[in-house]
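In what follows, a single structure is set out as structure tokens and then discussed.
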Amino acid sequence: MIFEKDLANKQLLVTREFKAPVEKVWRAWTEAEQLDKWWGPRPWNAETKTMEFKTGGQWLYAMVSPAGEKHWSNVVFTAVGTDTFNYTCVFSDENGVANTEFPAVHWHVAMKRESEKTIVNVTVRFDDLDGLEKLVAMGFQGGFTMGLNQLEELLG
């Protein structure tokens, strides 16, 4: 896995290779029942309240601790293509109302087939450097890496 901070452009760049067909990897990123199996770091798990994967659609989900504590996020899909999609994610309440104490995060996910593998390139962009640094300080790299490792297990 490649994880780079691009401070000049206020973004994080992540590249990960999976030994699975692109169609299977795409479903794991775009279907709620699949996302709930791998999104987020153990021992937490994702729990989808609603999801409509299309341009203008949303995914409202909670990260749930082993004790049942819930931290909500609201994702709005801003563009959906055949091998890429974009979304903006905010921490929120259970109704999707943004928590403005945390930055909005703009994601671009691109997948490409390479023989029997799929290469996933993720660009995570921020409105300002403070937002990037805040998310990194919260453990974004470790948590996202754990989630991608769980995705690899799921695709296994």
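Going through the structure tokens in order, the chains are called A, B, and so on, while each chain numbers its residues from 1 and the ligands are numbered from 1 in the order shown.
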
Shell around stretch 117-124 of chain A at 12 Å using only C-alpha atoms, local window under 3 positions removed, as number ranges by chain: A: 1-7, 9-26, 28-29, 83-89, 103-114, 127-128, 131-132, 135-136, 140-141, 144, 148, 151-152, 155-156

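Using only C-alpha atoms, the smallest distance between any of A:Trp38, A:Phe91, A:Phe77, A:Phe126 and A:Gly56 comes from A:Phe77.
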
Strand (DSSP E) per DSSP on the backbone: members of chain A, as a PyMOL selection string: chain A and resi 2-6+11-18+45-51+58-64+70-80+84-92+105-114+117-126

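Within the 12 Å cut-off around A:Ala32, using only C-alpha atoms and omitting residues fewer than 5 positions from it on the same chain, the listed residues are Trp26, Arg27, Lys37, Trp38, Trp39, Ala46, Glu47, Thr48, Lys49, Thr50, Met51, Glu52, Phe53, Gln58, Trp59, Leu60, Tyr61 and Ala62 of chain A.
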
Keeping only N, CA and C atoms, write the selected residues to a file as a PDB file, in the first residue's frame.
ATOM      1  N   TRP A  26     -15.431  -3.302  -6.752  1.00  0.00           N
ATOM      2  CA  TRP A  26     -16.421  -2.225  -6.922  1.00  0.00           C
ATOM      3  C   TRP A  26     -17.627  -2.464  -6.017  1.00  0.00           C
ATOM      4  N   ARG A  27     -18.146  -3.690  -6.030  1.00  0.00           N
ATOM      5  CA  ARG A  27     -19.310  -4.000  -5.180  1.00  0.00           C
ATOM      6  C   ARG A  27     -18.976  -3.786  -3.704  1.00  0.00           C
ATOM      7  N   LYS A  37     -19.174  -4.838   6.171  1.00  0.00           N
ATOM      8  CA  LYS A  37     -18.290  -5.949   6.548  1.00  0.00           C
ATOM      9  C   LYS A  37     -16.827  -5.534   6.687  1.00  0.00           C
ATOM     10  N   TRP A  38     -16.438  -4.378   6.097  1.00  0.00           N
ATOM     11  CA  TRP A  38     -15.017  -4.040   6.130  1.00  0.00           C
ATOM     12  C   TRP A  38     -14.694  -2.593   6.476  1.00  0.00           C
ATOM     13  N   TRP A  39     -15.627  -1.684   6.333  1.00  0.00           N
ATOM     14  CA  TRP A  39     -15.326  -0.259   6.508  1.00  0.00           C
ATOM     15  C   TRP A  39     -15.038   0.039   7.975  1.00  0.00           C
ATOM     16  N   ALA A  46     -19.001  -0.930  10.813  1.00  0.00           N
ATOM     17  CA  ALA A  46     -19.923   0.014  10.182  1.00  0.00           C
ATOM     18  C   ALA A  46     -21.331  -0.561  10.193  1.00  0.00           C
ATOM     19  N   GLU A  47     -22.291   0.325  10.362  1.00  0.00           N
ATOM     20  CA  GLU A  47     -23.706  -0.056  10.355  1.00  0.00           C
ATOM     21  C   GLU A  47     -24.451   0.975   9.513  1.00  0.00           C
ATOM     22  N   THR A  48     -24.917   0.555   8.345  1.00  0.00           N
ATOM     23  CA  THR A  48     -25.598   1.458   7.417  1.00  0.00           C
ATOM     24  C   THR A  48     -27.041   1.691   7.848  1.00  0.00           C
ATOM     25  N   LYS A  49     -27.426   2.958   7.866  1.00  0.00           N
ATOM     26  CA  LYS A  49     -28.825   3.315   8.098  1.00  0.00           C
ATOM     27  C   LYS A  49     -29.538   3.435   6.751  1.00  0.00           C
ATOM     28  N   THR A  50     -28.924   4.165   5.802  1.00  0.00           N
ATOM     29  CA  THR A  50     -29.483   4.287   4.454  1.00  0.00           C
ATOM     30  C   THR A  50     -28.332   4.412   3.460  1.00  0.00           C
ATOM     31  N   MET A  51     -28.575   3.917   2.247  1.00  0.00           N
ATOM     32  CA  MET A  51     -27.589   4.101   1.188  1.00  0.00           C
ATOM     33  C   MET A  51     -28.271   4.084  -0.163  1.00  0.00           C
ATOM     34  N   GLU A  52     -27.911   5.086  -0.961  1.00  0.00           N
ATOM     35  CA  GLU A  52     -28.362   5.161  -2.345  1.00  0.00           C
ATOM     36  C   GLU A  52     -27.143   5.564  -3.170  1.00  0.00           C
ATOM     37  N   PHE A  53     -26.514   4.555  -3.789  1.00  0.00           N
ATOM     38  CA  PHE A  53     -25.289   4.797  -4.542  1.00  0.00           C
ATOM     39  C   PHE A  53     -25.637   5.287  -5.937  1.00  0.00           C
ATOM     40  N   GLN A  58     -26.971   9.324  -1.041  1.00  0.00           N
ATOM     41  CA  GLN A  58     -26.215   9.425   0.198  1.00  0.00           C
ATOM     42  C   GLN A  58     -26.065   8.067   0.865  1.00  0.00           C
ATOM     43  N   TRP A  59     -25.056   7.993   1.713  1.00  0.00           N
ATOM     44  CA  TRP A  59     -24.820   6.837   2.580  1.00  0.00           C
ATOM     45  C   TRP A  59     -24.701   7.385   3.995  1.00  0.00           C
ATOM     46  N   LEU A  60     -25.659   7.056   4.837  1.00  0.00           N
ATOM     47  CA  LEU A  60     -25.660   7.470   6.239  1.00  0.00           C
ATOM     48  C   LEU A  60     -25.351   6.226   7.064  1.00  0.00           C
ATOM     49  N   TYR A  61     -24.254   6.283   7.806  1.00  0.00           N
ATOM     50  CA  TYR A  61     -23.828   5.108   8.558  1.00  0.00           C
ATOM     51  C   TYR A  61     -23.222   5.507   9.889  1.00  0.00           C
ATOM     52  N   ALA A  62     -23.141   4.536  10.779  1.00  0.00           N
ATOM     53  CA  ALA A  62     -22.499   4.738  12.071  1.00  0.00           C
ATOM     54  C   ALA A  62     -21.329   3.782  12.200  1.00  0.00           C
TER      55      ALA A  62
END

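Candidate residues A:Pro41, A:Asp130, A:Gly142, A:Gln150 were compared for distance to A:Glu101, and the nearest is A:Asp130, using only C-alpha atoms.
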
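Straight-line separation from atom CA of A:Ser92 to atom CA of A:Met63: 11.3 Å.
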
Residues flagged helix (DSSP H, G or I) by DSSP in chain A, as a PyMOL selection string: chain A and resi 7-9+22-30+32-38+129-137+140-155
